[in-house]
Amino acid sequence: MKSSFLSVAAAAAILLFSGTAQASELNLDNKGFHAKSTASAHAPIGVMGDHMHKTGEWMLSYRYMHMDMNGNRTGTTHISPDTIATTLINPFAGGPATVRVVPTDMTMDMHMIGGMYAPTDWLTLMAMGMWQNKEMDHITYTGMAGAVPLGTFTTESEGWSDTKLTGLFRLYQDPHNHIHANLGLSVPTGSITEQAQVLAPNNTRPTLRMPYAMQLGTGTYDLLPGITWNGNDGDRWRWGAQYNAEIRLEDENDEGYSWGNKHQLTGWASYEWQKWMSTSIRLSATEQSEIDGSDPLITAPVQTANPDNYGGRTFEAGFGANFIIPRGPLVDHRLAIEATVPVHRDLNGVQMERDWSVMIGWQYAF
Ligand SMILES: [Cu+2]
């Protein structure tokens with residue numbers, strides 16, 4: 001993992017420096033560029049609520065994200081399925097002493113549809129809905145103990161997630177800096193009662209409520225506070241930083257638990273090769289607490305059923321590119337892509353680990 005991250009970073013650096021020379025030699029910037037904005041006016045596509053709009057301006061957006069998780073870790077170290085099945089305590093009374101089902105792979109696909117509108121210069125309103133699909137592969141071990149595999153199975157959940165309504169409030173602006181506050185509310189429109197058929201250690205196939213990780217929403221109203229700073233050198237470089245959080249506004253949802261509060265700090269820099277194209281590097285640090293409380297229907301002997309096996313600290317690096325269509329019938333349409341890889345993970349308990357994700361997006365302001 002470490003070596004692949006370094007090679008991605010090296011490739012990005014080479015791209016960055018070789019492009020600097022080319023762009024200044026060719027100086028194609030102003031030829032046929034008719035768009036109202038430039039590529040690097042927006043942050044990397046993975047940053048939400050990064051920019052505001054002018055009075056009366058609307059924006060529509062669509063983002064697609066794919067996330068891939070493979071294998072498990074405890075804290076910062078890798079742990080094998082056999083070790084988990086023979087050593088990780090199953091906390092639920094009446095079951096086996098250790099967990100007997102271990103997740104091995106998970107994918108998430110998210111489709112995010114957003115709208116923005118600025119009723120006045122100091123306020124931009126933003127709404128975002130999300131449809132998601134989650135799939136998790138598991139290995140089931142035979143009986144109450146030992147490391148003999150019984151078989152594998154996959155669970156899937158799909159549907160709308162929670163809906164986010166946010167206001168962006170301009171706090172400060174000069175030619176080189178823009179600062180705004182983000183204040184949002186997450187409305188619990190995502191289901192938290194999704195079920196799936198599983199392969200149990202006694203070789204039966206019951207249908208059970210899926211563990212927390214496979215549910216589609218948080219089940220609670222959540223506050224989404226944040227602050228965003230965008231800076232630029234008046235030429236080709238831009239940078240920014242954002243703090244954002246998810247704070248649960250209720251002690252527990254209808255099923256008896258709440259997700260841990262989440263805090264994220266991210267910073268990025270971008271370089272505009274041409275007015276229609278920029279590339280970016282981003283770092284982000286995320287901290288989330290474990291789940292508080294529990295759903296009494298989630299008691300299977302699997303690590304994901306234990307609320308303590310949630311949350312932790314992760315550092316990720318992102319490499320992105322922004323494009324704006326400079327002329328023609330699709331002038332002003334934006335396209336962007338960003339890939340992220342983990343740099344450091346320190347997870348609570350035993351959890352699947354996030355390996356990489358990629359987001360592509362389309363945005364259009366009018
Ligand atoms: Cu916008």
# chains A, B, ... in the order shown; residues from 1 in each chain; ligands from 1
$ residues_near_ligand --ligand "ligand 1" --cutoff "9 Å" --atoms "only C-alpha atoms and all ligand atoms" --output "ChimeraX atom specification"
/A:42,49-53,57-61,114-117,124,126,363-365
$ residues_around --residues "His178 of chain A" --least-positions-apart "3" --cutoff "9 Å" --atoms "only C-alpha atoms" --output "VMD selection string"
chain A and resid 51 170 to 175 228 to 231
$ closest_residue --among "A:Tyr257, A:Tyr62, A:Phe323, A:Phe169" --to "Ile192 of chain A" --atoms "only C-alpha atoms"
A:Tyr257
$ residues_around --residues "Thr154 of chain A" --least-positions-apart "3" --cutoff "8 Å" --atoms "only C-alpha atoms" --output "PyMOL selection string"
chain A and resi 135-138+198
$ select_by_dssp --residues "segment 80-165 of chain A" --states "alpha helix (DSSP H)" --output "list in words"
Pro81, Asp82, Thr83, Ile84, Ala85, Thr86 and Thr87 of chain A
$ write_last_selection --atoms "C-alpha atoms" --output "CSV table (one decimal), in the first residue's frame"
chain,number,residue,atom,x,y,z
A,81,PRO,CA,-10.2,-13.6,8.9
A,82,ASP,CA,-9.0,-16.8,10.7
A,83,THR,CA,-7.5,-14.7,13.5
A,84,ILE,CA,-10.7,-12.7,13.8
A,85,ALA,CA,-12.9,-15.8,13.9
A,86,THR,CA,-10.8,-17.5,16.6
A,87,THR,CA,-9.9,-14.5,18.9
$ closest_residue --among "A:Asn133, A:Gln351, A:Thr286, A:Ser357" --to "Thr77 of chain A" --atoms "only C-alpha atoms"
A:Gln351
$ select_by_dssp --residues "segment 55-299 of chain A" --states "strand (DSSP E)" --output "NGL selection string"
:A and (58-75 or 77-79 or 101-120 or 123-141 or 149-160 or 163-174 or 177-187 or 195-197 or 207-209 or 222-232 or 237-248 or 257-258 or 262-274 or 277-288 or 292-293)
$ residues_around --residues "segment 263-278 of chain A" --least-positions-apart "3" --cutoff "6 Å" --atoms "only C-alpha atoms" --output "VMD selection string"
chain A and resid 23 29 38 to 40 236 to 245 281 to 287 321 to 324
$ write_last_selection --atoms "N, CA and C atoms" --output "mmCIF file, in the first residue's frame"
data_model
loop_
_atom_site.group_PDB
_atom_site.id
_atom_site.type_symbol
_atom_site.label_atom_id
_atom_site.label_comp_id
_atom_site.auth_asym_id
_atom_site.auth_seq_id
_atom_site.Cartn_x
_atom_site.Cartn_y
_atom_site.Cartn_z
ATOM 1 N N ALA A 23 2.820 24.667 -20.101
ATOM 2 C CA ALA A 23 1.750 25.664 -20.108
ATOM 3 C C ALA A 23 2.304 27.050 -20.398
ATOM 4 N N ASP A 29 -3.866 29.890 -23.004
ATOM 5 C CA ASP A 29 -4.948 30.221 -22.094
ATOM 6 C C ASP A 29 -6.153 30.922 -22.714
ATOM 7 N N THR A 38 -13.360 29.666 -14.328
ATOM 8 C CA THR A 38 -12.229 28.847 -14.748
ATOM 9 C C THR A 38 -12.207 27.554 -13.930
ATOM 10 N N ALA A 39 -11.433 26.577 -14.412
ATOM 11 C CA ALA A 39 -11.439 25.236 -13.814
ATOM 12 C C ALA A 39 -11.147 25.259 -12.315
ATOM 13 N N SER A 40 -10.145 26.029 -11.899
ATOM 14 C CA SER A 40 -9.725 25.947 -10.506
ATOM 15 C C SER A 40 -10.540 26.846 -9.581
ATOM 16 N N ARG A 236 -2.056 31.313 -11.140
ATOM 17 C CA ARG A 236 -2.462 29.948 -11.432
ATOM 18 C C ARG A 236 -2.656 29.063 -10.196
ATOM 19 N N TRP A 237 -2.141 29.503 -9.070
ATOM 20 C CA TRP A 237 -2.243 28.663 -7.874
ATOM 21 C C TRP A 237 -3.471 29.023 -7.043
ATOM 22 N N ARG A 238 -4.110 27.989 -6.516
ATOM 23 C CA ARG A 238 -5.177 28.186 -5.538
ATOM 24 C C ARG A 238 -4.989 27.168 -4.434
ATOM 25 N N TRP A 239 -5.491 27.500 -3.265
ATOM 26 C CA TRP A 239 -5.409 26.555 -2.146
ATOM 27 C C TRP A 239 -6.614 26.789 -1.250
ATOM 28 N N GLY A 240 -6.836 25.875 -0.360
ATOM 29 C CA GLY A 240 -7.976 26.043 0.524
ATOM 30 C C GLY A 240 -7.914 25.059 1.663
ATOM 31 N N ALA A 241 -8.772 25.286 2.633
ATOM 32 C CA ALA A 241 -8.874 24.382 3.770
ATOM 33 C C ALA A 241 -10.318 24.402 4.246
ATOM 34 N N GLN A 242 -10.759 23.288 4.751
ATOM 35 C CA GLN A 242 -12.113 23.210 5.288
ATOM 36 C C GLN A 242 -12.143 22.311 6.521
ATOM 37 N N TYR A 243 -12.840 22.792 7.557
ATOM 38 C CA TYR A 243 -13.195 21.939 8.694
ATOM 39 C C TYR A 243 -14.676 21.663 8.562
ATOM 40 N N ASN A 244 -15.061 20.410 8.712
ATOM 41 C CA ASN A 244 -16.497 20.125 8.755
ATOM 42 C C ASN A 244 -16.757 19.001 9.739
ATOM 43 N N ALA A 245 -17.978 18.956 10.252
ATOM 44 C CA ALA A 245 -18.319 17.961 11.270
ATOM 45 C C ALA A 245 -19.739 17.463 11.074
ATOM 46 N N ILE A 281 -3.921 18.484 -5.387
ATOM 47 C CA ILE A 281 -3.494 17.522 -4.365
ATOM 48 C C ILE A 281 -4.206 17.918 -3.078
ATOM 49 N N ARG A 282 -4.691 16.913 -2.342
ATOM 50 C CA ARG A 282 -5.464 17.206 -1.131
ATOM 51 C C ARG A 282 -5.103 16.213 -0.046
ATOM 52 N N LEU A 283 -5.102 16.682 1.187
ATOM 53 C CA LEU A 283 -4.925 15.802 2.342
ATOM 54 C C LEU A 283 -6.130 15.965 3.246
ATOM 55 N N SER A 284 -6.585 14.881 3.854
ATOM 56 C CA SER A 284 -7.681 15.031 4.808
ATOM 57 C C SER A 284 -7.476 14.132 6.013
ATOM 58 N N ALA A 285 -7.890 14.626 7.151
ATOM 59 C CA ALA A 285 -7.821 13.884 8.412
ATOM 60 C C ALA A 285 -9.240 13.780 8.955
ATOM 61 N N THR A 286 -9.652 12.571 9.315
ATOM 62 C CA THR A 286 -11.012 12.351 9.800
ATOM 63 C C THR A 286 -10.959 11.608 11.125
ATOM 64 N N GLU A 287 -11.774 12.066 12.059
ATOM 65 C CA GLU A 287 -11.884 11.349 13.337
ATOM 66 C C GLU A 287 -13.357 11.126 13.632
ATOM 67 N N ALA A 321 -8.519 16.391 -10.744
ATOM 68 C CA ALA A 321 -8.456 17.299 -11.888
ATOM 69 C C ALA A 321 -9.832 17.914 -12.098
ATOM 70 N N ASN A 322 -9.853 19.214 -12.403
ATOM 71 C CA ASN A 322 -11.092 19.939 -12.710
ATOM 72 C C ASN A 322 -11.033 20.429 -14.152
ATOM 73 N N PHE A 323 -12.166 20.353 -14.814
ATOM 74 C CA PHE A 323 -12.261 20.844 -16.192
ATOM 75 C C PHE A 323 -13.495 21.724 -16.319
ATOM 76 N N ILE A 324 -13.401 22.761 -17.147
ATOM 77 C CA ILE A 324 -14.606 23.508 -17.515
ATOM 78 C C ILE A 324 -14.616 23.595 -19.035
#
$ atom_distance --atom1 "atom CA of Met144 of chain A" --atom2 "atom CA of His78 of chain A"
24.0 Å
$ closest_residue --among "A:Phe92, A:Leu125, A:Thr140, A:Thr104" --to "Ser294 of chain A" --atoms "only C-alpha atoms"
A:Phe92
$ residues_around --residues "Ser186 of chain A" --least-positions-apart "4" --cutoff "6 Å" --atoms "only C-alpha atoms" --output "PyMOL selection string"
chain A and resi 163-164+221-222
